[in-house]
Amino acid sequence: MQGQSLLPINVLTGFLGSGKTTLLNRWVNQPSMRNTLVVINEFGDIGLDHQLITHSDEQVVIEMSTGCLCCTLRGDLSRTLQEALDDIAAQDKPQPSRVVIETTGLAEPTSLLKLLMTDHWLAHRFKLDSVVCCVDAANGLATLDAHWESQQQIAVADKLLMTKTDLASEEGVSQLANQLAKLNPAAEQWQVINGELSADLLVGAGLYGGDTKGFQVEQWLKAGSYAVHQADTHPDAFSAPLNRSPLSTHPPGGSPHSDGINAFCFSVNELIEPDALESWLDILMSLMGDKMLRIKAIVHLTDREAPLALHGVQHIFHPPASLPANSVGDRVSRFVFITQNVAPDTVAELYNFFHSSKEVD
Ligand SMILES: Nc1nc2c(ncn2[C@@H]2O[C@H](COP(=O)(O)OP(=O)(O)OP(=O)(O)O)[C@@H](O)[C@H]2O)c(=O)[nH]1
């Protein structure tokens, strides 16, 4: 199975001072995190965070400073990891079983996720296991208002950790939790004080659950957490005006803190023509790829028995993974979109257009 031999990567993100290093310190010292290769990305010539990480001999902590992985250091990640793995091998240390990357506080994690998919060397050795985002409970709502990076970090995360809850009121924590759920309804939320949380809760959100678990499709997609919009697969769809709104059930627009971030599930109840799928995704990516923060999908096509898993970030898609035929309960295709300023209606109307065009061919 393709994903099983790849090394899992966990991305630890969160705004400046949100408690990433504090968490990482606890995280890497837990028994299940032995043999972890830790990469810390810091701004500035002399990074300090890596010196704050206390770790065992089995771990290697490397620092990447002078820039941000999501912009200036893109090309450096594969070189850094390659050198680290070579060094570990040269020292006869066990090869790591996991990589944790701590981003800078201002990182846009979609750029890092894209890099993991597009860099040939990285894509053939590593798989994304989870994106963990720390959110400071004392400052969280103000940070969300002021910084787009913080919203994006939250929107693409699999696990959200509200840190410093000891410094916030119960009401403040609850308001923040509600806001996080609006931005990212599928992410698990945890409250953390001084990084005290079992590392086991932070890993394992990827499509491949590891050697013993195989594919964990439902847990990966979490389609049930999102407002669901259905494709209009009625034969008259092509003649209907493009601006009709078959998706009137979705909740009213963004909240004051969401800056247009929208998370929804689009489902299609019948098998999809491969050409229609390709044309639809092509047009979505070319018209609004930069606004697609994350896309996950389980797709059932007319020309194959087994479902496909798709995972995309902005314009970039992983090669589709073929799932075992019985790994999904039904034959409904489900697409989870986390977008900025892209309405579910637009996605649905474009789908209906290509679906209907296929029907009248
Ligand atoms: N009271 C309290 N302080 C915390 C908690 N978590 C972290 N801190 C403190 O918050 C400060 C910032 O924490 P860091 O772990 O350095 O945050 P960071 O996200 O790595 O910060 P940057 O590297 O600047 O992005 C430190 O002084 C921590 O000791 C917490 O749960 N409660």
# chains A, B, ... in the order shown; residues from 1 in each chain; ligands from 1
>>> residues_around(residues="A:Asn139", least_positions_apart="6", cutoff="12 Å", atoms="only C-alpha atoms", output="MDAnalysis selection string")
chainID A and resid 15:19 145:147 150 162:165 167:169 172:173 175:176
>>> closest_atom_pairs(of="chain A", to="ligand 1", cutoff="9 Å", atoms="only C-alpha atoms and all ligand atoms", output="Markdown table")
| residue | atom | partner | partner_atom_place_in_ligand_line | distance |
| --- | --- | --- | --- | --- |
| A:Thr13 | CA | ligand 1 | 19 (O) | 7.8 |
| A:Gly14 | CA | ligand 1 | 19 (O) | 6.2 |
| A:Phe15 | CA | ligand 1 | 25 (O) | 5.9 |
| A:Leu16 | CA | ligand 1 | 25 (O) | 3.4 |
| A:Gly17 | CA | ligand 1 | 21 (O) | 3.3 |
| A:Ser18 | CA | ligand 1 | 19 (O) | 3.9 |
| A:Gly19 | CA | ligand 1 | 15 (O) | 3.3 |
| A:Lys20 | CA | ligand 1 | 19 (O) | 3.8 |
| A:Thr21 | CA | ligand 1 | 15 (O) | 3.7 |
| A:Thr22 | CA | ligand 1 | 15 (O) | 3.7 |
| A:Leu23 | CA | ligand 1 | 15 (O) | 6.4 |
| A:Leu24 | CA | ligand 1 | 15 (O) | 7.8 |
| A:Asn25 | CA | ligand 1 | 15 (O) | 8.4 |
| A:Asn41 | CA | ligand 1 | 23 (O) | 8.9 |
| A:Glu42 | CA | ligand 1 | 23 (O) | 7.1 |
| A:Phe43 | CA | ligand 1 | 23 (O) | 8.9 |
| A:Leu48 | CA | ligand 1 | 23 (O) | 8.4 |
| A:Asp49 | CA | ligand 1 | 23 (O) | 6.3 |
| A:Leu52 | CA | ligand 1 | 16 (O) | 8.7 |
| A:Glu102 | CA | ligand 1 | 20 (O) | 8.3 |
| A:Thr103 | CA | ligand 1 | 25 (O) | 8.0 |
| A:Thr104 | CA | ligand 1 | 25 (O) | 5.7 |
| A:Gly105 | CA | ligand 1 | 25 (O) | 4.1 |
| A:Leu106 | CA | ligand 1 | 25 (O) | 7.7 |
| A:Cys134 | CA | ligand 1 | 19 (O) | 7.3 |
| A:Val135 | CA | ligand 1 | 19 (O) | 8.7 |
| A:Asp136 | CA | ligand 1 | 6 (N) | 7.9 |
| A:Ala137 | CA | ligand 1 | 31 (O) | 8.7 |
| A:Met162 | CA | ligand 1 | 31 (O) | 8.3 |
| A:Thr163 | CA | ligand 1 | 31 (O) | 4.7 |
| A:Lys164 | CA | ligand 1 | 31 (O) | 3.3 |
| A:Thr165 | CA | ligand 1 | 31 (O) | 6.1 |
| A:Asp166 | CA | ligand 1 | 32 (N) | 5.8 |
| A:Leu167 | CA | ligand 1 | 1 (N) | 5.8 |
| A:Gln191 | CA | ligand 1 | 31 (O) | 8.7 |
| A:Val192 | CA | ligand 1 | 31 (O) | 5.8 |
| A:Ile193 | CA | ligand 1 | 31 (O) | 3.4 |
| A:Asn194 | CA | ligand 1 | 31 (O) | 3.6 |
| A:Gly195 | CA | ligand 1 | 6 (N) | 6.0 |
| A:Glu196 | CA | ligand 1 | 31 (O) | 8.1 |
>>> write_last_selection(atoms="N, CA, C and O atoms", output="compact mmCIF listing (two decimals), in the first residue's frame")
# COMPACT_ATOMS: atom_id res chain seq x y z
N THR A 13 1.85 24.38 13.96
CA THR A 13 1.78 25.79 13.60
C THR A 13 1.03 26.55 14.69
O THR A 13 0.62 25.98 15.70
N GLY A 14 0.82 27.83 14.49
CA GLY A 14 0.16 28.67 15.50
C GLY A 14 0.83 30.02 15.51
O GLY A 14 2.02 30.14 15.18
N PHE A 15 0.07 31.02 15.88
CA PHE A 15 0.58 32.39 15.78
C PHE A 15 1.74 32.62 16.76
O PHE A 15 1.99 31.80 17.65
N LEU A 16 2.43 33.74 16.58
CA LEU A 16 3.57 34.09 17.43
C LEU A 16 3.20 33.98 18.91
O LEU A 16 2.17 34.51 19.33
N GLY A 17 4.01 33.29 19.65
CA GLY A 17 3.81 33.20 21.09
C GLY A 17 2.64 32.35 21.53
O GLY A 17 2.23 32.39 22.70
N SER A 18 2.10 31.55 20.63
CA SER A 18 0.89 30.80 20.99
C SER A 18 1.20 29.52 21.78
O SER A 18 0.28 28.81 22.17
N GLY A 19 2.47 29.22 21.97
CA GLY A 19 2.82 28.07 22.82
C GLY A 19 3.34 26.86 22.05
O GLY A 19 3.37 25.75 22.59
N LYS A 20 3.78 27.07 20.82
CA LYS A 20 4.27 25.94 20.00
C LYS A 20 5.49 25.27 20.63
O LYS A 20 5.53 24.05 20.77
N THR A 21 6.48 26.08 21.01
CA THR A 21 7.72 25.50 21.53
C THR A 21 7.46 24.81 22.86
O THR A 21 8.02 23.75 23.15
N THR A 22 6.59 25.42 23.66
CA THR A 22 6.25 24.81 24.95
C THR A 22 5.63 23.44 24.73
O THR A 22 5.98 22.46 25.39
N LEU A 23 4.73 23.37 23.76
CA LEU A 23 4.08 22.08 23.45
C LEU A 23 5.10 21.08 22.91
O LEU A 23 5.15 19.92 23.33
N LEU A 24 5.94 21.56 22.00
CA LEU A 24 6.91 20.67 21.36
C LEU A 24 7.83 20.05 22.40
O LEU A 24 8.17 18.86 22.33
N ASN A 25 8.22 20.85 23.37
CA ASN A 25 9.08 20.36 24.44
C ASN A 25 8.47 19.17 25.15
O ASN A 25 9.14 18.18 25.45
N ASN A 41 11.57 25.98 12.43
CA ASN A 41 11.80 27.09 11.50
C ASN A 41 11.61 28.40 12.25
O ASN A 41 10.56 28.63 12.85
N GLU A 42 12.65 29.20 12.25
CA GLU A 42 12.56 30.47 12.97
C GLU A 42 12.97 31.62 12.08
O GLU A 42 13.76 31.45 11.15
N PHE A 43 12.47 32.80 12.38
CA PHE A 43 12.95 34.01 11.71
C PHE A 43 14.28 34.40 12.34
O PHE A 43 14.56 34.05 13.48
N LEU A 48 16.42 30.70 18.57
CA LEU A 48 16.59 30.28 19.97
C LEU A 48 15.73 29.08 20.32
O LEU A 48 16.08 28.30 21.20
N ASP A 49 14.62 28.94 19.59
CA ASP A 49 13.65 27.93 20.01
C ASP A 49 14.26 26.54 20.09
O ASP A 49 13.96 25.78 20.99
N LEU A 52 15.69 25.61 23.21
CA LEU A 52 14.75 25.43 24.33
C LEU A 52 14.16 24.03 24.35
O LEU A 52 13.46 23.67 25.27
N GLU A 102 8.03 22.53 13.23
CA GLU A 102 7.41 23.70 13.87
C GLU A 102 7.60 24.89 12.93
O GLU A 102 8.72 25.24 12.58
N THR A 103 6.51 25.50 12.52
CA THR A 103 6.61 26.65 11.61
C THR A 103 6.87 27.92 12.40
O THR A 103 6.73 27.94 13.62
N THR A 104 7.19 28.98 11.69
CA THR A 104 7.24 30.28 12.36
C THR A 104 5.81 30.70 12.69
O THR A 104 4.85 30.19 12.12
N GLY A 105 5.70 31.66 13.60
CA GLY A 105 4.37 32.11 14.00
C GLY A 105 3.60 32.83 12.90
O GLY A 105 2.39 32.98 12.98
N LEU A 106 4.31 33.28 11.87
CA LEU A 106 3.64 34.01 10.79
C LEU A 106 3.49 33.17 9.53
O LEU A 106 3.12 33.67 8.47
N CYS A 134 -1.68 25.67 17.49
CA CYS A 134 -1.86 26.25 18.83
C CYS A 134 -2.56 27.60 18.70
O CYS A 134 -2.18 28.42 17.85
N VAL A 135 -3.54 27.82 19.54
CA VAL A 135 -4.23 29.12 19.56
C VAL A 135 -4.23 29.62 21.00
O VAL A 135 -4.74 28.93 21.90
N ASP A 136 -3.64 30.77 21.19
CA ASP A 136 -3.52 31.35 22.53
C ASP A 136 -4.92 31.76 23.03
O ASP A 136 -5.54 32.65 22.44
N ALA A 137 -5.38 31.12 24.10
CA ALA A 137 -6.74 31.41 24.56
C ALA A 137 -6.86 32.80 25.17
O ALA A 137 -7.94 33.37 25.23
N MET A 162 -6.16 24.90 22.23
CA MET A 162 -6.30 26.21 22.89
C MET A 162 -5.32 26.21 24.06
O MET A 162 -5.52 25.49 25.05
N THR A 163 -4.27 27.01 23.91
CA THR A 163 -3.23 27.05 24.94
C THR A 163 -3.51 28.18 25.93
O THR A 163 -4.36 29.04 25.67
N LYS A 164 -2.80 28.17 27.02
CA LYS A 164 -2.87 29.24 28.03
C LYS A 164 -4.29 29.42 28.54
O LYS A 164 -4.71 30.56 28.83
N THR A 165 -5.02 28.35 28.64
CA THR A 165 -6.39 28.49 29.16
C THR A 165 -6.38 28.88 30.63
O THR A 165 -7.38 29.34 31.16
N ASP A 166 -5.23 28.73 31.28
CA ASP A 166 -5.11 29.19 32.67
C ASP A 166 -5.15 30.71 32.75
O ASP A 166 -5.42 31.27 33.82
N LEU A 167 -4.90 31.39 31.63
CA LEU A 167 -4.88 32.87 31.64
C LEU A 167 -6.18 33.47 31.11
O LEU A 167 -6.32 34.68 31.03
N GLN A 191 -7.92 21.64 25.08
CA GLN A 191 -7.40 22.73 25.90
C GLN A 191 -6.09 22.27 26.53
O GLN A 191 -6.00 21.14 27.03
N VAL A 192 -5.11 23.15 26.51
CA VAL A 192 -3.77 22.75 26.95
C VAL A 192 -3.18 23.81 27.86
O VAL A 192 -3.22 24.99 27.52
N ILE A 193 -2.64 23.39 28.98
CA ILE A 193 -1.90 24.32 29.83
C ILE A 193 -0.45 23.88 29.88
O ILE A 193 -0.15 22.72 30.17
N ASN A 194 0.42 24.80 29.53
CA ASN A 194 1.87 24.53 29.50
C ASN A 194 2.23 23.26 28.74
O ASN A 194 3.10 22.50 29.15
N GLY A 195 1.57 23.06 27.64
CA GLY A 195 1.93 21.97 26.73
C GLY A 195 1.59 20.57 27.21
O GLY A 195 2.01 19.59 26.59
N GLU A 196 0.85 20.46 28.30
CA GLU A 196 0.55 19.13 28.87
C GLU A 196 -0.55 18.44 28.08
O GLU A 196 -1.73 18.72 28.29
>>> residues_around(residues="stretch 315-318 of chain A", least_positions_apart="5", cutoff="10 Å", atoms="only C-alpha atoms", output="list of chain:residue names")
A:Leu113, A:Lys114, A:Leu115, A:Leu116, A:Met117, A:Thr118, A:Ala123, A:Leu281, A:Asp282, A:Leu284, A:Met285, A:Ser286, A:Leu287, A:Met288, A:Gly289, A:Asp290, A:Lys291, A:Met292, A:Leu293, A:Arg294, A:Ile295, A:Lys296, A:Ala309, A:Leu310
>>> residues_around(residues="stretch 297-302 of chain A", least_positions_apart="5", cutoff="6 Å", atoms="only C-alpha atoms", output="list in words")
Leu271, Ile272, Glu273, Pro307, Leu308, Ala309, Leu310, Ser333, Arg334, Phe335 and Val336 of chain A
>>> residues_around(residues="A:Gln95", least_positions_apart="5", cutoff="9 Å", atoms="only C-alpha atoms", output="ChimeraX atom specification")
/A:35-37,85,88-89
>>> select_by_dssp(residues="stretch 88-172 of chain A", states="strand (DSSP E or B)", output="PyMOL selection string")
chain A and resi 98-102+126-136+159-163
>>> closest_residue(among="A:Ser5, A:Gln153, A:Ser97, A:Thr339", to="A:Thr110", atoms="only C-alpha atoms")
A:Gln153
>>> residues_around(residues="A:Pro344", least_positions_apart="5", cutoff="9 Å", atoms="only C-alpha atoms", output="list of chain:residue names")
A:His229, A:Leu247, A:His250, A:Asn262, A:Ala263, A:Phe264, A:Cys265, A:Phe266, A:Phe337, A:Glu349
>>> write_last_selection(atoms="all heavy atoms", output="tab-separated table (two decimals), in the first residue's frame")
chain	number	residue	atom	x	y	z
A	229	HIS	N	-23.77	20.30	1.14
A	229	HIS	CA	-24.46	20.83	-0.03
A	229	HIS	C	-24.46	19.75	-1.08
A	229	HIS	O	-23.42	19.14	-1.34
A	229	HIS	CB	-23.76	22.09	-0.52
A	229	HIS	CG	-23.56	23.07	0.58
A	229	HIS	ND1	-24.58	23.83	1.07
A	229	HIS	CD2	-22.48	23.37	1.31
A	229	HIS	CE1	-24.12	24.58	2.06
A	229	HIS	NE2	-22.86	24.31	2.23
A	247	LEU	N	-28.25	25.71	-3.22
A	247	LEU	CA	-27.59	25.43	-1.95
A	247	LEU	C	-28.07	26.37	-0.87
A	247	LEU	O	-27.30	26.82	-0.04
A	247	LEU	CB	-26.09	25.57	-2.13
A	247	LEU	CG	-25.52	24.73	-3.25
A	247	LEU	CD1	-24.06	25.03	-3.42
A	247	LEU	CD2	-25.72	23.27	-2.96
A	250	HIS	N	-27.10	26.53	3.23
A	250	HIS	CA	-25.87	26.77	3.99
A	250	HIS	C	-26.03	27.96	4.91
A	250	HIS	O	-26.79	28.88	4.66
A	250	HIS	CB	-24.66	26.90	3.07
A	250	HIS	CG	-24.61	28.16	2.27
A	250	HIS	ND1	-24.10	29.32	2.77
A	250	HIS	CD2	-25.01	28.41	1.01
A	250	HIS	CE1	-24.17	30.25	1.84
A	250	HIS	NE2	-24.73	29.73	0.78
A	262	ASN	N	-14.46	29.71	4.54
A	262	ASN	CA	-15.68	28.93	4.44
A	262	ASN	C	-15.30	27.46	4.39
A	262	ASN	O	-14.43	27.07	3.61
A	262	ASN	CB	-16.37	29.32	3.11
A	262	ASN	CG	-17.85	29.31	3.23
A	262	ASN	OD1	-18.39	28.66	4.13
A	262	ASN	ND2	-18.53	29.99	2.33
A	263	ALA	N	-15.93	26.65	5.22
A	263	ALA	CA	-15.63	25.21	5.20
A	263	ALA	C	-16.94	24.48	4.95
A	263	ALA	O	-17.91	24.69	5.68
A	263	ALA	CB	-15.02	24.79	6.53
A	264	PHE	N	-16.99	23.67	3.92
A	264	PHE	CA	-18.25	22.98	3.60
A	264	PHE	C	-17.96	21.67	2.89
A	264	PHE	O	-16.87	21.44	2.37
A	264	PHE	CB	-19.16	23.87	2.74
A	264	PHE	CG	-18.50	24.39	1.48
A	264	PHE	CD1	-18.60	23.69	0.29
A	264	PHE	CD2	-17.77	25.57	1.50
A	264	PHE	CE1	-18.00	24.17	-0.87
A	264	PHE	CE2	-17.16	26.05	0.36
A	264	PHE	CZ	-17.27	25.35	-0.83
A	265	CYS	N	-18.98	20.83	2.89
A	265	CYS	CA	-18.87	19.53	2.19
A	265	CYS	C	-19.85	19.55	1.02
A	265	CYS	O	-21.01	19.93	1.17
A	265	CYS	CB	-19.21	18.41	3.15
A	265	CYS	SG	-19.27	16.80	2.35
A	266	PHE	N	-19.37	19.14	-0.13
A	266	PHE	CA	-20.20	19.07	-1.34
A	266	PHE	C	-20.34	17.59	-1.69
A	266	PHE	O	-19.34	16.88	-1.82
A	266	PHE	CB	-19.48	19.83	-2.45
A	266	PHE	CG	-20.20	19.80	-3.76
A	266	PHE	CD1	-21.40	20.45	-3.93
A	266	PHE	CD2	-19.65	19.11	-4.84
A	266	PHE	CE1	-22.06	20.42	-5.15
A	266	PHE	CE2	-20.30	19.08	-6.06
A	266	PHE	CZ	-21.51	19.74	-6.21
A	337	PHE	N	-14.29	21.21	1.24
A	337	PHE	CA	-13.56	22.40	0.78
A	337	PHE	C	-13.34	23.35	1.96
A	337	PHE	O	-14.30	23.66	2.67
A	337	PHE	CB	-14.38	23.18	-0.26
A	337	PHE	CG	-14.47	22.51	-1.60
A	337	PHE	CD1	-15.54	21.67	-1.89
A	337	PHE	CD2	-13.51	22.74	-2.57
A	337	PHE	CE1	-15.63	21.05	-3.14
A	337	PHE	CE2	-13.60	22.13	-3.82
A	337	PHE	CZ	-14.66	21.29	-4.10
A	349	GLU	N	-22.39	25.30	-8.69
A	349	GLU	CA	-22.84	25.69	-10.03
A	349	GLU	C	-21.85	25.23	-11.09
A	349	GLU	O	-22.23	24.76	-12.16
A	349	GLU	CB	-23.04	27.21	-10.08
A	349	GLU	CG	-24.32	27.62	-9.38
A	349	GLU	CD	-24.39	29.09	-9.05
A	349	GLU	OE1	-23.45	29.84	-9.40
A	349	GLU	OE2	-25.38	29.50	-8.42
>>> atom_distance(atom1="atom CA of A:Val342", atom2="atom CA of A:Ser174")
27.7 Å
>>> atom_distance(atom1="atom CA of A:Asn352", atom2="atom CA of A:Leu277")
10.7 Å
>>> closest_residue(among="A:Ser279, A:Asn178, A:Ser111, A:Ser327", to="A:Gln216", atoms="only C-alpha atoms")
A:Ser327
>>> closest_residue(among="A:Ala138, A:Leu183, A:Ile338, A:Leu202", to="A:Leu161", atoms="only C-alpha atoms")
A:Leu202
